[in-house]
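Containing compact mmCIF, C-alpha atoms: work-v5.txt.
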```
# COMPACT_ATOMS: atom_id res chain seq x y z
CA MET A 73 0.00 0.00 0.00
CA ASP A 74 2.81 2.45 0.86
CA ALA A 75 4.48 1.77 -2.49
CA ASP A 76 1.20 2.52 -4.29
CA TRP A 77 0.74 5.75 -2.33
CA THR A 78 4.35 6.74 -3.02
CA TRP A 79 3.74 6.13 -6.71
CA ALA A 80 0.49 8.12 -6.58
CA CYS A 81 2.28 11.07 -4.95
CA ARG A 82 4.95 11.02 -7.65
CA ALA A 83 2.29 10.83 -10.37
CA TRP A 84 0.47 13.78 -8.77
CA GLU A 85 3.64 15.88 -8.53
CA LYS A 86 4.60 15.13 -12.13
CA TRP A 87 1.08 15.91 -13.38
CA THR A 88 0.69 19.15 -11.40
CA ALA A 89 4.10 20.42 -12.50
CA LYS A 90 3.07 20.04 -16.13
CA HIS A 91 -0.65 20.93 -16.02
CA VAL A 92 -1.51 23.01 -12.92
CA GLY A 93 -0.66 26.66 -12.38
CA SER A 94 -1.77 30.20 -12.95
CA SER A 95 0.01 31.10 -16.18
CA GLY A 96 -0.44 29.19 -19.40
CA LYS A 97 -1.43 25.87 -17.84
CA PRO A 98 -4.84 24.29 -18.48
CA VAL A 99 -5.76 23.79 -14.80
CA LYS A 100 -5.42 26.69 -12.33
CA ALA A 101 -5.92 24.56 -9.19
CA ALA A 102 -6.51 20.90 -8.36
CA LEU A 103 -7.46 18.74 -5.41
CA LEU A 104 -7.20 15.00 -4.93
CA LEU A 105 -9.66 13.96 -2.24
CA ASN A 106 -9.92 10.62 -0.49
CA TYR A 107 -13.52 9.61 -1.04
CA ASP A 108 -15.13 6.48 0.31
CA PRO A 109 -18.81 6.35 -0.66
CA THR A 110 -19.37 3.45 1.75
CA GLY A 111 -17.95 5.35 4.74
CA PRO A 112 -20.05 7.16 7.35
CA SER A 113 -21.31 10.53 6.12
CA ARG A 114 -20.03 12.20 9.28
CA LEU A 115 -16.43 11.64 8.17
CA LEU A 116 -14.79 14.71 6.68
CA PRO A 117 -13.11 14.44 3.29
CA ILE A 118 -9.36 14.14 3.47
CA VAL A 119 -7.39 16.31 1.10
CA ALA A 120 -4.81 13.82 -0.16
CA GLU A 121 -3.08 16.37 -2.39
CA GLU A 122 -3.71 19.92 -3.55
CA GLU A 123 -2.06 22.42 -5.83
CA GLY A 124 -3.02 26.07 -6.27
CA THR A 125 -5.57 26.05 -3.43
CA LYS A 126 -5.67 26.06 0.35
CA PHE A 127 -8.89 24.29 1.31
CA THR A 128 -9.49 22.38 4.51
CA ALA A 129 -11.69 19.35 5.03
CA VAL A 130 -14.32 21.62 6.59
CA ASP A 131 -14.27 23.90 3.50
CA LEU A 132 -14.95 20.88 1.28
CA GLN A 133 -17.69 19.26 3.35
CA PRO A 134 -20.57 21.00 1.47
CA PHE A 135 -19.13 19.75 -1.83
CA ILE A 136 -18.78 16.18 -0.53
CA ASN A 137 -22.37 16.30 0.78
CA PHE A 138 -23.53 17.45 -2.66
CA PHE A 139 -21.59 14.63 -4.31
CA ARG A 140 -23.03 12.01 -1.95
CA ARG A 141 -26.62 13.18 -2.55
CA ASN A 142 -26.03 12.63 -6.27
CA ASN A 143 -28.52 15.32 -7.32
CA LEU A 144 -26.09 16.66 -9.89
CA GLN A 145 -28.77 18.02 -12.21
CA THR A 146 -30.93 19.75 -9.63
CA GLU A 147 -28.60 21.46 -7.14
CA PHE A 148 -25.86 24.04 -7.03
CA PHE A 149 -22.69 23.21 -5.11
CA SER A 150 -19.94 25.23 -3.48
CA ILE A 151 -16.21 24.88 -3.29
CA GLY A 152 -14.91 27.64 -1.07
CA PRO A 153 -16.57 30.94 -2.01
CA ASN A 154 -17.52 29.79 -5.51
CA GLN A 155 -20.93 28.37 -6.36
CA TYR A 156 -21.25 26.00 -9.34
CA LEU A 157 -23.97 24.62 -11.60
CA VAL A 158 -23.38 21.26 -13.30
CA THR A 159 -23.46 21.59 -17.08
CA SER A 160 -22.40 18.14 -18.29
CA ILE A 161 -22.57 14.69 -16.69
CA HIS A 162 -20.69 11.61 -17.84
CA GLU A 163 -20.09 8.14 -16.40
CA HIS A 164 -17.24 8.97 -13.98
CA TRP A 165 -17.00 12.74 -14.24
CA PHE A 166 -18.93 15.98 -14.59
CA CYS A 167 -18.30 19.60 -15.52
CA ALA A 168 -19.72 22.68 -13.84
CA ARG A 169 -19.60 26.44 -14.37
CA CYS A 170 -19.12 29.00 -11.63
CA VAL A 171 -22.22 31.19 -11.31
CA ASN A 172 -20.73 33.88 -9.08
CA THR A 173 -17.38 34.46 -10.79
CA THR A 174 -15.76 37.84 -11.23
CA GLN A 175 -13.58 36.53 -14.08
CA PRO A 176 -14.65 38.02 -17.44
CA GLY A 177 -14.11 34.70 -19.25
CA GLY A 178 -15.76 32.65 -16.53
CA GLU A 179 -14.56 29.75 -14.40
CA GLY A 180 -15.31 26.08 -14.30
CA VAL A 181 -14.52 22.83 -12.58
CA ILE A 182 -14.15 19.23 -13.71
CA VAL A 183 -14.79 16.55 -11.09
CA MET A 184 -13.71 13.00 -11.84
CA GLN A 185 -14.04 9.94 -9.63
CA ILE A 186 -10.92 7.81 -9.91
CA GLY A 187 -11.22 4.74 -7.71
CA ALA A 188 -11.34 5.88 -4.10
CA TYR A 189 -10.46 9.47 -5.03
CA LEU A 190 -12.15 12.55 -6.40
CA LEU A 191 -10.03 14.73 -8.67
CA VAL A 192 -11.31 18.31 -8.62
CA SER A 193 -9.73 20.49 -11.31
CA MET A 194 -10.52 24.20 -11.59
CA TYR A 195 -9.91 26.30 -14.69
CA ASP A 196 -10.45 29.84 -15.95
CA GLY A 197 -12.21 30.50 -19.23
CA SER A 198 -14.92 29.00 -21.38
CA VAL A 199 -15.28 26.09 -23.81
CA GLY A 200 -11.71 26.09 -25.15
CA SER A 201 -10.26 26.24 -21.64
CA ALA A 202 -12.59 23.47 -20.50
CA SER A 203 -11.39 21.26 -23.36
CA HIS A 204 -7.74 21.79 -22.46
CA ALA A 205 -8.47 21.14 -18.77
CA MET A 206 -10.34 17.94 -19.65
CA VAL A 207 -7.36 16.63 -21.63
CA ALA A 208 -5.12 17.28 -18.62
CA VAL A 209 -7.58 15.60 -16.21
CA ASP A 210 -7.93 12.61 -18.50
CA GLN A 211 -4.15 12.22 -18.66
CA PHE A 212 -3.89 12.11 -14.88
CA ALA A 213 -6.72 9.57 -14.64
CA TRP A 214 -5.13 7.36 -17.29
CA HIS A 215 -1.74 7.33 -15.52
CA PHE A 216 -3.32 6.87 -12.10
CA ASN A 217 -5.57 4.01 -13.20
CA ARG A 218 -2.77 2.31 -15.08
CA ARG A 219 -0.83 1.79 -11.86
CA THR A 220 -3.59 1.30 -9.28
CA HIS A 221 -5.84 -1.11 -11.20
```
Conversion result in structure tokens:
Amino acid sequence: MDADWTWACRAWEKWTAKHVGSSGKPVKAALLLNYDPTGPSRLLPIVAEEEGTKFTAVDLQPFINFFRRNNLQTEFFSIGPNQYLVTSIHEHWFCARCVNTTQPGGEGVIVMQIGAYLLVSMYDGSVGSASHAMVAVDQFAWHFNRRTH
């Protein structure tokens, strides 16, 4: 298990160095959350890794509650001060747009469930930016799944 976690940390560091940052990278911030859907709902999410953000487990509890309720099409959700509306739902991931952004081009988030983790990737911009962010997210998922499954 420790070897797998060591590998996961290296994969995360390699991915974030290439894809996460404020200037010219497709993802402005990312979180990797431990998520056990079979665990008690009173347990707080554990931030396994993060880049470009400073959220605590308490900050993320409303988002985890939203995810557990699985009402993706009918509810807004919050991550920190931002409120999001889901715009696209797929088998293991969904996209959402920030409804209270001050960014002229907008903001969005891609949430992907990868095994026992949730990858939360935030980006600035619209459709083109979302496409670039999705490619980056998909690359991380592919590398992560390749080793852990």
Show me, as JSON, numbers by chain, the residues that have an atom within 12 Å of stretch 209-212 of chain A when counting all atoms listed in the file, minus same-chain residues fewer than 3 positions from it. {"A": [80, 81, 82, 83, 84, 85, 86, 87, 88, 89, 90, 91, 92, 98, 99, 100, 101, 102, 103, 104, 164, 165, 166, 167, 181, 182, 183, 184, 185, 186, 190, 191, 192, 193, 194, 195, 202, 203, 204, 205, 206, 215, 216, 217, 218, 219]}
Deliver the residues from the most recent selection as a file, using C-alpha atoms, as a compact mmCIF listing (two decimals), keeping the file's coordinate frame.
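Okay, selection-v6.txt is ready:
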```
# COMPACT_ATOMS: atom_id res chain seq x y z
CA ALA A 80 0.49 8.12 -6.58
CA CYS A 81 2.28 11.07 -4.95
CA ARG A 82 4.95 11.02 -7.65
CA ALA A 83 2.29 10.83 -10.37
CA TRP A 84 0.47 13.78 -8.77
CA GLU A 85 3.64 15.88 -8.53
CA LYS A 86 4.60 15.13 -12.13
CA TRP A 87 1.08 15.91 -13.38
CA THR A 88 0.69 19.15 -11.40
CA ALA A 89 4.10 20.42 -12.50
CA LYS A 90 3.07 20.04 -16.13
CA HIS A 91 -0.65 20.93 -16.02
CA VAL A 92 -1.51 23.01 -12.92
CA PRO A 98 -4.84 24.29 -18.48
CA VAL A 99 -5.76 23.79 -14.80
CA LYS A 100 -5.42 26.69 -12.33
CA ALA A 101 -5.92 24.56 -9.19
CA ALA A 102 -6.51 20.90 -8.36
CA LEU A 103 -7.46 18.74 -5.41
CA LEU A 104 -7.20 15.00 -4.93
CA HIS A 164 -17.24 8.97 -13.98
CA TRP A 165 -17.00 12.74 -14.24
CA PHE A 166 -18.93 15.98 -14.59
CA CYS A 167 -18.30 19.60 -15.52
CA VAL A 181 -14.52 22.83 -12.58
CA ILE A 182 -14.15 19.23 -13.71
CA VAL A 183 -14.79 16.55 -11.09
CA MET A 184 -13.71 13.00 -11.84
CA GLN A 185 -14.04 9.94 -9.63
CA ILE A 186 -10.92 7.81 -9.91
CA LEU A 190 -12.15 12.55 -6.40
CA LEU A 191 -10.03 14.73 -8.67
CA VAL A 192 -11.31 18.31 -8.62
CA SER A 193 -9.73 20.49 -11.31
CA MET A 194 -10.52 24.20 -11.59
CA TYR A 195 -9.91 26.30 -14.69
CA ALA A 202 -12.59 23.47 -20.50
CA SER A 203 -11.39 21.26 -23.36
CA HIS A 204 -7.74 21.79 -22.46
CA ALA A 205 -8.47 21.14 -18.77
CA MET A 206 -10.34 17.94 -19.65
CA HIS A 215 -1.74 7.33 -15.52
CA PHE A 216 -3.32 6.87 -12.10
CA ASN A 217 -5.57 4.01 -13.20
CA ARG A 218 -2.77 2.31 -15.08
CA ARG A 219 -0.83 1.79 -11.86
```
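Among the candidates A:Pro134, A:Arg141, A:Ser95, A:Asn106, the one nearest to A:Pro153 when counting all atoms listed in the file is A:Pro134.
With only C-alpha atoms as the atoms that count, the minimum distance from A:Leu132 to the choices A:Leu157, A:Cys170, A:Leu105, A:Ala120 is reached by A:Leu105.
Across the structure, atom CA of A:Glu147 and atom CA of A:Asp131 are spaced 18.0 Å apart.
The gap separating atom CA of A:Ala129 from atom CA of A:His162 is 25.8 Å, in Å to one decimal.
Between atom CA of A:Asp196 and atom CA of A:Glu179 the interatomic distance comes to 4.4 Å.
Nearest to A:Lys97 of all the residues A:Ala208, A:Ile151, A:Gln145, A:Phe138 is A:Ala208, based on only C-alpha atoms.
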